[in-house]
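**Student:** Structure file coords07.cif (mmCIF, C-alpha atoms and all ligand atoms) is given on the next line.
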data_final
loop_
_atom_site.label_atom_id
_atom_site.label_comp_id
_atom_site.auth_asym_id
_atom_site.auth_seq_id
_atom_site.Cartn_x
_atom_site.Cartn_y
_atom_site.Cartn_z
CA MET A 1 0.00 0.00 0.00
CA PRO A 2 1.44 3.43 -0.90
CA PHE A 3 1.63 6.39 1.49
CA SER A 4 -1.04 8.11 -0.58
CA SER A 5 -3.67 5.53 0.47
CA LEU A 6 -3.39 6.01 4.22
CA GLY A 7 -6.00 8.77 4.48
CA LEU A 8 -3.79 11.87 4.38
CA SER A 9 -5.90 14.71 2.90
CA SER A 10 -5.32 15.74 -0.69
CA ALA A 11 -4.47 19.28 0.44
CA LEU A 12 -1.57 18.11 2.62
CA LEU A 13 -0.55 14.96 0.79
CA PRO A 14 1.93 16.59 -1.65
CA ALA A 15 3.81 18.24 1.24
CA PHE A 16 4.03 14.96 3.11
CA LEU A 17 4.99 12.92 0.05
CA HIS A 18 7.76 15.40 -0.69
CA ALA A 19 9.15 15.08 2.86
CA ILE A 20 8.74 11.28 2.81
CA ALA A 21 10.69 11.13 -0.46
CA ASP A 22 13.44 13.27 1.09
CA GLU A 23 13.68 10.74 3.91
CA GLY A 24 14.03 7.98 1.33
CA TYR A 25 10.94 6.01 2.40
CA LEU A 26 9.36 4.12 -0.47
CA VAL A 27 6.42 2.38 1.16
CA PRO A 28 4.92 2.53 4.65
CA THR A 29 6.16 -0.01 7.20
CA ALA A 30 3.65 -2.44 8.74
CA ILE A 31 3.06 -0.25 11.76
CA GLN A 32 2.56 2.84 9.61
CA THR A 33 0.01 1.06 7.41
CA ALA A 34 -1.96 -0.02 10.46
CA ALA A 35 -1.67 3.00 12.72
CA ILE A 36 -1.81 6.06 10.44
CA PRO A 37 -5.43 5.67 9.22
CA ALA A 38 -6.66 4.97 12.76
CA ILE A 39 -4.83 7.94 14.25
CA LEU A 40 -6.17 10.20 11.51
CA GLN A 41 -9.68 9.09 12.52
CA GLY A 42 -8.96 10.22 16.06
CA ARG A 43 -8.67 6.79 17.64
CA ASP A 44 -6.42 5.87 20.52
CA VAL A 45 -3.80 3.32 19.54
CA LEU A 46 -1.81 0.81 21.50
CA CYS A 47 1.23 -0.28 19.54
CA SER A 48 3.59 -2.98 20.50
CA ALA A 49 6.60 -1.96 18.49
CA GLN A 50 10.22 -1.32 19.01
CA THR A 51 12.68 1.17 17.65
CA GLY A 52 13.31 0.28 14.03
CA SER A 53 9.71 -0.44 13.11
CA GLY A 54 9.07 3.06 11.77
CA LYS A 55 6.97 3.99 14.78
CA THR A 56 8.14 7.62 14.93
CA ALA A 57 6.71 8.39 11.50
CA ALA A 58 3.65 6.28 12.37
CA PHE A 59 2.60 8.82 14.99
CA SER A 60 4.33 11.91 13.55
CA LEU A 61 2.62 11.95 10.16
CA PRO A 62 -1.00 11.82 11.39
CA MET A 63 -0.22 14.12 14.31
CA LEU A 64 1.27 16.75 12.01
CA HIS A 65 -1.68 16.25 9.68
CA GLN A 66 -4.15 17.01 12.46
CA LEU A 67 -2.24 20.07 13.59
CA ALA A 68 -1.84 21.41 10.07
CA GLU A 69 -5.57 21.03 9.45
CA ALA A 70 -6.68 22.73 12.67
CA PRO A 71 -6.71 26.53 12.74
CA ALA A 72 -3.55 27.94 14.33
CA THR A 73 -3.95 29.60 17.69
CA ALA A 74 -2.27 32.90 18.56
CA PRO A 75 -0.17 32.66 20.61
CA ARG A 76 0.75 29.07 19.87
CA ARG A 77 -0.45 26.62 22.49
CA VAL A 78 0.93 23.13 23.03
CA ARG A 79 -1.52 20.85 21.25
CA ALA A 80 0.55 17.70 21.09
CA LEU A 81 2.90 16.26 23.68
CA VAL A 82 5.36 13.43 23.02
CA LEU A 83 6.91 11.92 26.13
CA VAL A 84 10.10 9.93 25.70
CA PRO A 85 12.52 8.31 28.14
CA THR A 86 15.87 9.72 27.01
CA ARG A 87 17.44 12.89 25.72
CA GLU A 88 18.71 11.19 22.60
CA LEU A 89 15.29 9.90 21.70
CA ALA A 90 13.80 13.35 22.34
CA ALA A 91 16.28 14.91 19.94
CA GLN A 92 15.65 12.23 17.35
CA VAL A 93 11.86 12.44 17.48
CA GLY A 94 12.12 16.23 17.29
CA GLU A 95 14.28 15.96 14.17
CA ALA A 96 11.88 13.50 12.55
CA LEU A 97 8.92 15.81 13.21
CA VAL A 98 10.71 18.83 11.79
CA SER A 99 11.75 16.89 8.68
CA LEU A 100 8.27 15.56 8.03
CA ALA A 101 6.70 18.99 8.61
CA LYS A 102 9.08 21.00 6.47
CA TYR A 103 6.88 21.40 3.37
CA LEU A 104 3.57 21.95 5.15
CA PRO A 105 1.82 25.14 4.08
CA GLN A 106 1.52 26.29 7.68
CA ARG A 107 4.48 26.18 10.06
CA VAL A 108 4.19 23.66 12.86
CA LYS A 109 6.57 24.59 15.65
CA VAL A 110 8.27 21.73 17.45
CA ALA A 111 10.04 22.31 20.77
CA VAL A 112 12.33 19.62 22.18
CA VAL A 113 13.09 19.75 25.89
CA PHE A 114 15.24 17.46 28.00
CA GLY A 115 17.41 17.63 31.09
CA GLY A 116 21.17 17.73 31.39
CA VAL A 117 21.41 21.07 29.56
CA SER A 118 20.57 24.63 30.60
CA ILE A 119 16.86 25.25 31.10
CA ASN A 120 17.12 28.93 30.12
CA ARG A 121 17.38 28.41 26.39
CA GLN A 122 14.44 26.05 26.46
CA MET A 123 12.42 28.64 28.38
CA MET A 124 13.33 31.33 25.84
CA ASN A 125 12.36 29.07 22.99
CA LEU A 126 8.99 28.37 24.60
CA ARG A 127 8.17 32.06 25.05
CA SER A 128 6.65 32.22 21.61
CA GLY A 129 4.78 28.98 22.28
CA ALA A 130 4.99 25.65 20.44
CA ASP A 131 2.54 23.36 18.69
CA ILE A 132 4.31 20.14 19.61
CA VAL A 133 6.52 19.53 22.61
CA VAL A 134 8.79 16.49 22.70
CA ALA A 135 10.02 16.01 26.24
CA THR A 136 11.59 13.85 28.88
CA PRO A 137 9.31 13.90 31.93
CA GLY A 138 11.57 15.53 34.53
CA ARG A 139 12.47 18.59 32.44
CA LEU A 140 8.88 18.98 31.26
CA LEU A 141 7.73 19.27 34.87
CA ASP A 142 10.54 21.73 35.65
CA LEU A 143 9.38 23.91 32.78
CA ILE A 144 5.78 23.70 33.94
CA ASP A 145 6.90 24.67 37.45
CA HIS A 146 8.65 27.69 35.91
CA ASN A 147 5.43 28.61 34.09
CA ALA A 148 7.28 28.22 30.80
CA LEU A 149 4.51 26.10 29.35
CA ASN A 150 1.19 24.57 30.24
CA LEU A 151 -0.60 21.51 29.02
CA ALA A 152 -4.22 22.69 29.15
CA ALA A 153 -4.65 22.66 25.36
CA VAL A 154 -3.03 19.29 24.62
CA SER A 155 -5.27 17.22 22.41
CA THR A 156 -2.80 14.43 21.54
CA LEU A 157 -0.49 12.60 23.90
CA VAL A 158 2.17 10.19 22.68
CA LEU A 159 3.95 7.89 25.10
CA ASP A 160 6.97 6.61 23.23
CA GLU A 161 8.86 3.65 24.67
CA ALA A 162 6.46 3.59 27.60
CA ASP A 163 8.13 0.52 29.11
CA ARG A 164 11.45 2.32 29.24
CA LEU A 165 9.85 5.40 30.77
CA LEU A 166 8.77 3.28 33.71
CA ASP A 167 12.02 1.25 33.78
CA LEU A 168 13.93 4.47 34.20
CA GLY A 169 11.80 5.42 37.18
CA PHE A 170 9.63 8.09 35.58
CA GLY A 171 6.39 6.61 36.97
CA GLU A 172 5.73 9.41 39.42
CA GLU A 173 6.52 12.18 36.95
CA LEU A 174 4.29 10.50 34.41
CA GLY A 175 1.42 10.42 36.91
CA ARG A 176 1.80 14.15 37.55
CA ILE A 177 1.94 14.97 33.85
CA LEU A 178 -1.17 12.89 33.11
CA SER A 179 -3.03 14.75 35.84
CA LEU A 180 -2.24 18.07 34.11
CA LEU A 181 -3.62 17.01 30.73
CA PRO A 182 -7.20 17.56 29.59
CA ALA A 183 -9.24 14.40 30.06
CA GLN A 184 -10.52 14.67 26.48
CA ARG A 185 -7.58 13.81 24.29
CA GLN A 186 -6.20 11.26 21.88
CA ASN A 187 -3.64 8.85 23.32
CA LEU A 188 -1.00 7.06 21.29
CA PHE A 189 0.83 4.46 23.29
CA PHE A 190 4.01 2.76 22.07
CA SER A 191 5.96 0.16 23.95
CA ALA A 192 8.36 -2.60 22.96
CA THR A 193 7.23 -4.82 25.81
CA PHE A 194 4.06 -5.20 27.86
CA PRO A 195 4.80 -6.17 31.44
CA PRO A 196 1.75 -5.96 33.78
CA VAL A 197 2.51 -2.41 34.91
CA ILE A 198 2.44 -1.21 31.29
CA GLN A 199 -0.77 -3.10 30.60
CA ALA A 200 -2.36 -1.43 33.61
CA LEU A 201 -1.19 2.01 32.50
CA ALA A 202 -2.49 1.41 28.97
CA GLN A 203 -5.81 0.20 30.31
CA SER A 204 -6.27 3.25 32.50
CA MET A 205 -5.31 5.72 29.76
CA LEU A 206 -6.74 4.41 26.53
CA HIS A 207 -10.29 4.41 25.21
CA ASN A 208 -11.17 1.57 22.89
CA PRO A 209 -7.70 1.59 21.33
CA LEU A 210 -6.73 0.05 18.05
CA ARG A 211 -4.16 -2.56 18.90
CA VAL A 212 -1.24 -2.84 16.54
CA GLU A 213 1.26 -5.55 17.10
CA VAL A 214 4.45 -5.84 15.20
CA GLN A 215 5.83 -9.10 16.45
CA ALA A 216 9.49 -8.97 17.39
CA SER A 217 10.03 -12.16 15.44
CA GLU A 218 8.18 -10.79 12.40
CA GLN A 219 10.21 -7.63 12.62
CA ASN A 220 13.57 -9.22 13.15
CA ALA A 221 13.45 -12.56 11.45
CA LEU A 222 14.06 -11.42 7.94
CA GLU A 223 16.39 -8.59 8.66
CA ILE A 224 18.64 -9.60 11.50
CA THR A 225 21.17 -12.38 11.59
CA HIS A 226 21.95 -13.52 15.10
CA ARG A 227 25.43 -14.82 15.79
CA ALA A 228 26.93 -16.19 18.99
CA VAL A 229 30.69 -16.44 19.25
CA GLU A 230 32.19 -18.53 22.03
CA VAL A 231 35.16 -16.81 23.64
CA ASP A 232 36.79 -16.60 27.04
CA ALA A 233 35.66 -13.45 28.85
CA SER A 234 39.23 -12.23 29.18
CA ARG A 235 39.80 -12.28 25.41
CA ARG A 236 36.69 -10.44 24.28
CA THR A 237 38.42 -7.13 23.53
CA GLN A 238 41.03 -8.86 21.37
CA LEU A 239 38.31 -10.78 19.58
CA LEU A 240 36.34 -7.60 19.02
CA ARG A 241 39.38 -5.91 17.54
CA HIS A 242 40.00 -8.95 15.34
CA LEU A 243 36.43 -9.04 14.07
CA VAL A 244 36.28 -5.29 13.41
CA GLN A 245 39.41 -5.63 11.31
CA THR A 246 38.90 -8.97 9.54
CA GLU A 247 35.18 -8.63 8.91
CA LYS A 248 35.70 -4.99 7.90
CA TRP A 249 32.94 -3.64 10.11
CA GLU A 250 32.65 0.02 9.23
CA ARG A 251 30.37 0.99 12.06
CA VAL A 252 29.74 -1.06 15.16
CA LEU A 253 27.68 -0.43 18.25
CA VAL A 254 29.11 -2.46 21.12
CA PHE A 255 27.11 -2.98 24.29
CA VAL A 256 28.84 -3.37 27.63
CA ALA A 257 27.44 -3.69 31.14
CA THR A 258 29.07 -0.72 32.87
CA LYS A 259 30.37 2.79 32.24
CA HIS A 260 33.77 1.61 33.36
CA ALA A 261 33.79 -1.20 30.79
CA ALA A 262 32.74 1.30 28.09
CA GLU A 263 35.77 3.45 28.90
CA ILE A 264 38.21 0.53 29.08
CA VAL A 265 37.09 -1.23 25.91
CA ALA A 266 37.04 2.00 23.89
CA ASP A 267 40.47 2.86 25.20
CA LYS A 268 41.94 -0.51 24.24
CA LEU A 269 40.47 -0.29 20.76
CA ARG A 270 41.89 3.18 20.30
CA LYS A 271 45.30 1.84 21.24
CA ALA A 272 44.89 -0.60 18.35
CA ASP A 273 44.20 2.33 16.00
CA ILE A 274 40.47 1.82 15.83
CA GLU A 275 38.39 4.99 16.20
CA ALA A 276 36.36 4.08 19.25
CA GLU A 277 34.45 6.18 21.78
CA PRO A 278 32.60 5.32 24.98
CA PHE A 279 28.96 6.38 25.29
CA HIS A 280 27.40 6.32 28.74
CA GLY A 281 25.34 8.32 31.18
CA GLU A 282 28.24 9.91 33.00
CA LEU A 283 29.44 11.80 29.96
CA SER A 284 28.21 15.38 29.65
CA GLN A 285 25.30 15.94 27.30
CA GLY A 286 27.61 17.88 24.98
CA LYS A 287 30.02 14.97 24.77
CA ARG A 288 27.24 12.46 24.15
CA THR A 289 25.80 14.55 21.34
CA GLN A 290 29.26 14.92 19.84
CA VAL A 291 30.03 11.18 19.98
CA LEU A 292 26.68 10.31 18.47
CA GLN A 293 27.17 12.84 15.72
CA ASP A 294 30.68 11.54 14.97
CA PHE A 295 29.36 8.00 14.93
CA LYS A 296 26.61 8.98 12.51
CA ILE A 297 29.03 10.59 10.09
CA LYS A 298 31.42 7.63 10.50
CA ALA A 299 34.19 9.68 12.15
CA VAL A 300 33.83 7.16 14.97
CA GLN A 301 33.89 3.53 13.91
CA VAL A 302 33.05 1.79 17.17
CA MET A 303 30.77 3.21 19.83
CA VAL A 304 30.99 1.33 23.12
CA ALA A 305 27.79 1.97 24.99
CA THR A 306 25.77 1.08 28.05
CA ASP A 307 22.10 0.17 27.66
CA VAL A 308 20.54 3.29 29.07
CA ALA A 309 22.69 5.67 27.06
CA ALA A 310 22.08 3.83 23.83
CA ARG A 311 18.37 3.51 24.33
CA GLY A 312 16.39 4.65 21.34
CA ILE A 313 19.26 6.02 19.31
CA ASP A 314 18.52 5.78 15.65
CA ILE A 315 21.39 5.43 13.26
CA ALA A 316 20.55 4.67 9.70
CA GLN A 317 22.47 1.73 8.27
CA LEU A 318 23.94 0.35 11.43
CA PRO A 319 25.01 -3.05 10.20
CA VAL A 320 26.53 -4.56 13.34
CA VAL A 321 25.59 -4.64 17.01
CA VAL A 322 27.85 -6.56 19.39
CA ASN A 323 26.81 -7.83 22.79
CA TYR A 324 30.24 -7.71 24.43
CA ASP A 325 28.45 -8.20 27.73
CA LEU A 326 25.17 -10.03 27.33
CA PRO A 327 22.06 -8.02 28.10
CA ARG A 328 20.53 -8.68 31.50
CA SER A 329 17.25 -9.87 30.04
CA ALA A 330 15.67 -11.08 26.86
CA VAL A 331 13.78 -7.79 26.73
CA ASP A 332 17.04 -5.85 26.73
CA TYR A 333 18.28 -8.15 23.97
CA THR A 334 15.30 -7.04 21.90
CA HIS A 335 16.05 -3.39 22.60
CA ARG A 336 19.71 -3.77 21.72
CA ILE A 337 19.27 -5.61 18.48
CA GLY A 338 16.56 -3.09 17.59
CA ARG A 339 19.48 -0.79 16.79
CA THR A 340 20.35 -2.80 13.70
CA GLY A 341 18.35 -4.04 10.73
CA ARG A 342 16.18 -0.92 10.84
CA ALA A 343 13.20 -0.57 8.55
CA GLY A 344 14.13 -2.96 5.82
CA GLU A 345 17.89 -2.96 6.16
CA SER A 346 19.76 -6.07 7.13
CA GLY A 347 21.91 -6.27 10.22
CA VAL A 348 23.94 -8.61 12.34
CA ALA A 349 23.71 -9.02 16.11
CA VAL A 350 26.82 -10.72 17.46
CA SER A 351 26.83 -11.97 21.06
CA PHE A 352 29.99 -12.98 22.86
CA VAL A 353 29.28 -16.05 24.96
CA SER A 354 31.68 -17.37 27.57
CA ALA A 355 31.59 -20.27 30.01
CA ASP A 356 29.97 -18.04 32.61
CA THR A 357 27.28 -16.64 30.38
CA GLU A 358 26.33 -19.67 28.28
CA ALA A 359 23.33 -20.55 30.46
CA HIS A 360 22.16 -16.96 30.41
CA PHE A 361 22.39 -16.79 26.63
CA ARG A 362 20.40 -20.00 26.35
CA LEU A 363 17.67 -18.39 28.37
CA ILE A 364 17.68 -15.38 26.05
CA GLU A 365 17.38 -17.70 23.06
CA LYS A 366 14.50 -19.48 24.69
CA ARG A 367 12.63 -16.27 25.46
CA GLN A 368 13.34 -14.88 21.99
CA ARG A 369 12.32 -18.18 20.41
CA ILE A 370 15.55 -18.27 18.45
CA SER A 371 18.30 -20.80 18.26
CA VAL A 372 21.68 -19.34 17.45
CA PRO A 373 24.44 -21.70 16.36
CA ARG A 374 27.63 -21.24 18.38
CA GLU A 375 30.73 -20.30 16.45
CA GLN A 376 34.37 -20.10 17.35
CA VAL A 377 36.94 -17.88 15.72
CA ALA A 378 40.34 -19.37 14.92
CA GLY A 379 42.86 -18.18 17.46
CA PHE A 380 40.13 -17.28 19.98
CA GLU A 381 38.78 -20.72 20.85
CA PRO A 382 37.68 -20.69 24.49
CA LEU A 383 39.84 -22.55 26.98
CA GLU A 384 37.36 -22.31 29.81
CA ILE A 385 34.93 -25.21 29.64
CA MET A 386 31.30 -24.44 29.02
CA VAL A 387 29.63 -26.58 31.63
CA PRO A 388 26.09 -25.58 32.40
CA ASN A 389 25.83 -24.70 36.06
CA PRO A 390 22.80 -26.43 37.58
CA ALA A 391 22.25 -23.43 39.84
CA ASP A 392 21.96 -21.16 36.79
CA LEU A 393 19.54 -23.53 35.20
CA LEU A 394 17.41 -23.46 38.32
CA SER A 395 17.50 -19.71 38.82
CA ASN A 396 16.61 -19.19 35.18
CA GLY A 397 13.50 -21.25 35.52
CA GLY A 398 15.16 -24.32 34.08
CA ILE A 399 15.92 -25.25 30.53
CA LYS A 400 14.08 -28.12 28.95
CA GLY A 401 15.93 -31.40 29.01
CA LYS A 402 18.64 -30.01 31.28
CA ARG A 403 16.76 -29.87 34.55
CA PRO A 404 19.18 -30.96 37.27
CA SER A 405 18.43 -34.36 38.70
CA LYS A 406 18.20 -35.02 42.42
CA LYS A 407 21.79 -36.22 42.22
CA ASP A 408 22.88 -32.97 40.54
CA LYS A 409 21.23 -30.98 43.28
CA LEU A 410 22.94 -33.01 46.01
CA ARG A 411 26.28 -32.60 44.24
CA GLU A 412 25.65 -28.86 43.92
CA ALA A 413 24.77 -28.54 47.61
CA ALA A 414 27.90 -30.49 48.58
CA ALA A 415 30.05 -28.28 46.34
CA GLN A 416 28.57 -25.14 47.85
CA GLU A 417 29.20 -26.41 51.36
CA GLN A 418 32.80 -27.13 50.48
CA SER A 419 33.31 -23.67 49.07
CA LEU A 420 32.01 -21.97 52.25
CA PRO A 421 34.78 -20.47 54.38
CA LYS A 422 35.58 -22.76 57.29
CA LYS A 423 34.81 -21.30 60.70
P1 LIG B 501 11.74 4.24 14.29
O1 LIG B 501 11.10 2.91 14.51
O2 LIG B 501 10.77 5.35 14.29
O3 LIG B 501 12.86 4.45 15.27
O4 LIG B 501 12.37 4.27 12.80
C1 LIG B 501 13.42 3.48 12.44
C2 LIG B 501 14.09 3.92 11.16
O5 LIG B 501 13.29 3.59 10.06
C3 LIG B 501 14.40 5.40 11.04
O6 LIG B 501 15.72 5.52 10.53
C4 LIG B 501 13.42 5.91 10.03
O7 LIG B 501 13.94 6.98 9.29
C5 LIG B 501 13.22 4.68 9.16
N1 LIG B 501 11.87 4.61 8.52
C6 LIG B 501 10.69 5.01 9.04
N2 LIG B 501 9.69 4.76 8.18
C7 LIG B 501 10.24 4.19 7.09
C8 LIG B 501 9.72 3.69 5.84
N3 LIG B 501 8.42 3.75 5.55
N4 LIG B 501 10.59 3.15 4.98
C9 LIG B 501 11.91 3.07 5.27
N5 LIG B 501 12.47 3.52 6.41
C10 LIG B 501 11.64 4.07 7.32
#
In structure tokens, write the structure found in this file.
Ligand code: AMP

**Tutor:**
Amino acid sequence: MPFSSLGLSSALLPAFLHAIADEGYLVPTAIQTAAIPAILQGRDVLCSAQTGSGKTAAFSLPMLHQLAEAPATAPRRVRALVLVPTRELAAQVGEALVSLAKYLPQRVKVAVVFGGVSINRQMMNLRSGADIVVATPGRLLDLIDHNALNLAAVSTLVLDEADRLLDLGFGEELGRILSLLPAQRQNLFFSATFPPVIQALAQSMLHNPLRVEVQASEQNALEITHRAVEVDASRRTQLLRHLVQTEKWERVLVFVATKHAAEIVADKLRKADIEAEPFHGELSQGKRTQVLQDFKIKAVQVMVATDVAARGIDIAQLPVVVNYDLPRSAVDYTHRIGRTGRAGESGVAVSFVSADTEAHFRLIEKRQRISVPREQVAGFEPLEIMVPNPADLLSNGGIKGKRPSKKDKLREAAAQEQSLPKK
């Protein structure tokens, strides 16, 4: 189905098609085909979709359409609010909105606000009002407390990456923001995952929503190749360097578990003449923006990032994502690999698996309903033996066919007793 059949009015269609062509989109993604007509009709939507599905344009196009059709108010009042969990995502959504709005006959002003930078410029920018505000919750409330904006005229609310908003502890802020919004409004709810707390939030907010589900498997299966390379934990940096060089990876996003690891791994790669930069929450906002920009223009080849910092970043044509440290959960695996194989492009997700993490990776495979063949790279064959630890199997809810027998459990208990310090 072409973009022209989604219900965009003939008066605005040429402006949108022009902007869509500039972005290089040929046809709508699955989520766009499903959500755009419903949003244009004023319905609430509940989308299970992750970064990479084209969800930003799925809400941006109809939202801009509605704003461009409604008479402008003077002064401008905030009519649409997009809440996002991170600064990077705020900046990205803001950019997408501006790009898609650029040929509209009537200017739609987009203001992007997030913490970690001076509030004064954001307050100045809001003095002349804004039609759409894209915000992280904490800074939005600060601005409201400073009387820099109010939400009384909001007719559309977007919660983007709602699961992450709550994961990052924005529950309270979200509650306050919701209480400041008019009860009569359209709600567009996007989340990659639906744990019970998100289901409850969706249920309390949405009225007869259209449910759109883009299955993770549907989304990833065709586009992403999963690889698992067995390697001893202590040799991962060398292996990474080897793979970057031999497989000629031009741009790699590497996930590590801690800020410290991000610094160390990037440093070691730099010493091997690979342009690498860490990317984590302790860097200043200016530095993060700079690294991301350099990565986008390929001045940085390897970005070594923690989960929170990398959340939601959108880099076109990111062919390789490496799990140097495995994600803590299958859900985080989904979020991480969502960085590659975006909207029709193919990508590779490479996970480093060591003796210690084998059981954990098996659990991720099970939850993801994927089976990834293990590979070894010549010269990096693991020396540590991959023996599944019965305790891991138990704590992970067990893995079919490998449930420890009574004997295993007794052996495990005896081993634990032996390893206790003697009194
Ligand atoms: P999102 O899921 O919004 O983070 O979008 C993921 C990526 O897909 C972004 O780089 C978009 O520019 C791109 N994109 C969005 N819609 C389309 C489309 N219809 N065709 C191709 N790429 C798209």

**Student:** Would you kindly return, as a PyMOL selection string, each protein, DNA or RNA residue with an atom no farther than 12 Å from any atom of range 209-213 of chain A, considering all atoms listed in the file and excluding same-chain residues fewer than 2 positions away?

**Tutor:** chain A and resi 30-39+41-50+53+55+58+186-194+202-207+215-219

**Student:** I need the residues from that last selection saved to file as a short mmCIF file (atom, residue, chain, number, x, y, z; two decimals), keeping the file's coordinate frame (with C-alpha atoms), if you can.

**Tutor:**
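Produced file result.cif, reproduced below:
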data_model
loop_
_atom_site.label_atom_id
_atom_site.label_comp_id
_atom_site.auth_asym_id
_atom_site.auth_seq_id
_atom_site.Cartn_x
_atom_site.Cartn_y
_atom_site.Cartn_z
CA ALA A 30 3.65 -2.44 8.74
CA ILE A 31 3.06 -0.25 11.76
CA GLN A 32 2.56 2.84 9.61
CA THR A 33 0.01 1.06 7.41
CA ALA A 34 -1.96 -0.02 10.46
CA ALA A 35 -1.67 3.00 12.72
CA ILE A 36 -1.81 6.06 10.44
CA PRO A 37 -5.43 5.67 9.22
CA ALA A 38 -6.66 4.97 12.76
CA ILE A 39 -4.83 7.94 14.25
CA GLN A 41 -9.68 9.09 12.52
CA GLY A 42 -8.96 10.22 16.06
CA ARG A 43 -8.67 6.79 17.64
CA ASP A 44 -6.42 5.87 20.52
CA VAL A 45 -3.80 3.32 19.54
CA LEU A 46 -1.81 0.81 21.50
CA CYS A 47 1.23 -0.28 19.54
CA SER A 48 3.59 -2.98 20.50
CA ALA A 49 6.60 -1.96 18.49
CA GLN A 50 10.22 -1.32 19.01
CA SER A 53 9.71 -0.44 13.11
CA LYS A 55 6.97 3.99 14.78
CA ALA A 58 3.65 6.28 12.37
CA GLN A 186 -6.20 11.26 21.88
CA ASN A 187 -3.64 8.85 23.32
CA LEU A 188 -1.00 7.06 21.29
CA PHE A 189 0.83 4.46 23.29
CA PHE A 190 4.01 2.76 22.07
CA SER A 191 5.96 0.16 23.95
CA ALA A 192 8.36 -2.60 22.96
CA THR A 193 7.23 -4.82 25.81
CA PHE A 194 4.06 -5.20 27.86
CA ALA A 202 -2.49 1.41 28.97
CA GLN A 203 -5.81 0.20 30.31
CA SER A 204 -6.27 3.25 32.50
CA MET A 205 -5.31 5.72 29.76
CA LEU A 206 -6.74 4.41 26.53
CA HIS A 207 -10.29 4.41 25.21
CA GLN A 215 5.83 -9.10 16.45
CA ALA A 216 9.49 -8.97 17.39
CA SER A 217 10.03 -12.16 15.44
CA GLU A 218 8.18 -10.79 12.40
CA GLN A 219 10.21 -7.63 12.62
#

**Student:** Which of these residues is nearest to ligand LIG 501 (chain B), using only C-alpha atoms and all ligand atoms: A:Pro28, A:Pro14, A:Gly7, A:Pro75?

**Tutor:** A:Pro28

**Student:** Given the choices A:Val321, A:Met123, A:Ile274, A:Val214, which gets closest to ligand LIG 501 (chain B) if the distance is worked out from all atoms listed in the file?

**Tutor:**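 Among the listed residues, the smallest separation from ligand LIG 501 (chain B) belongs to A:Val214.
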
**Student:** Which one of A:Gly379, A:Gly175, A:Pro327, A:Gly347 sits closest to Ile364 in chain A if you count only C-alpha atoms?

**Tutor:** A:Pro327

**Student:** Using all atoms listed in the file, which of A:Asp325, A:Glu161, A:Asp145, A:Glu69 sits nearest ligand LIG 501 (chain B)?

**Tutor:**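 Checking each candidate against ligand LIG 501 (chain B), we get A:Glu161 as the closest.
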
**Student:** Let me make sure I understand: among A:Asp142, A:Asp356, A:Asp160, A:Glu230, which one has the smallest atom-to-atom distance to ligand LIG 501 (chain B) if we use only C-alpha atoms and all ligand atoms?

**Tutor:** A:Asp160

**Student:** Hey, what's within 6 Å of Tyr324 in chain A if we count all atoms listed in the file and toss same-chain stuff fewer than 6 positions away? As a list in words, please?

**Tutor:**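 The residues satisfying every condition are Phe255, Val256 and Phe352 of chain A.
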
**Student:** Counting only C-alpha atoms, figure out which residue out of A:Asn125, A:Gln368, A:Thr136, A:Ser179 gets nearest to Ile337 in chain A.

**Tutor:**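 For Ile337 in chain A, the nearest of the candidates is A:Gln368.
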
**Student:** Kindly reconstruct range 164-172 of chain A with N, CA and C atoms and present the result as a PDB file, in the coordinates of the input.

**Tutor:**
ATOM      1  N   ARG A 164      10.173   1.755  28.799  1.00  0.00           N
ATOM      2  CA  ARG A 164      11.450   2.320  29.240  1.00  0.00           C
ATOM      3  C   ARG A 164      11.230   3.516  30.163  1.00  0.00           C
ATOM      4  N   LEU A 165      10.160   4.274  29.892  1.00  0.00           N
ATOM      5  CA  LEU A 165       9.850   5.400  30.770  1.00  0.00           C
ATOM      6  C   LEU A 165       9.686   4.900  32.203  1.00  0.00           C
ATOM      7  N   LEU A 166       8.978   3.802  32.355  1.00  0.00           N
ATOM      8  CA  LEU A 166       8.770   3.280  33.710  1.00  0.00           C
ATOM      9  C   LEU A 166      10.036   2.612  34.237  1.00  0.00           C
ATOM     10  N   ASP A 167      10.744   1.882  33.371  1.00  0.00           N
ATOM     11  CA  ASP A 167      12.020   1.250  33.780  1.00  0.00           C
ATOM     12  C   ASP A 167      12.971   2.276  34.361  1.00  0.00           C
ATOM     13  N   LEU A 168      12.973   3.450  33.772  1.00  0.00           N
ATOM     14  CA  LEU A 168      13.930   4.470  34.200  1.00  0.00           C
ATOM     15  C   LEU A 168      13.404   5.272  35.392  1.00  0.00           C
ATOM     16  N   GLY A 169      12.289   4.824  35.940  1.00  0.00           N
ATOM     17  CA  GLY A 169      11.800   5.420  37.180  1.00  0.00           C
ATOM     18  C   GLY A 169      11.008   6.703  36.993  1.00  0.00           C
ATOM     19  N   PHE A 170      10.391   6.868  35.815  1.00  0.00           N
ATOM     20  CA  PHE A 170       9.630   8.090  35.580  1.00  0.00           C
ATOM     21  C   PHE A 170       8.143   7.941  35.946  1.00  0.00           C
ATOM     22  N   GLY A 171       7.791   6.879  36.667  1.00  0.00           N
ATOM     23  CA  GLY A 171       6.390   6.610  36.970  1.00  0.00           C
ATOM     24  C   GLY A 171       5.690   7.775  37.642  1.00  0.00           C
ATOM     25  N   GLU A 172       6.360   8.327  38.663  1.00  0.00           N
ATOM     26  CA  GLU A 172       5.730   9.410  39.420  1.00  0.00           C
ATOM     27  C   GLU A 172       5.540  10.658  38.560  1.00  0.00           C
TER      28      GLU A 172
END
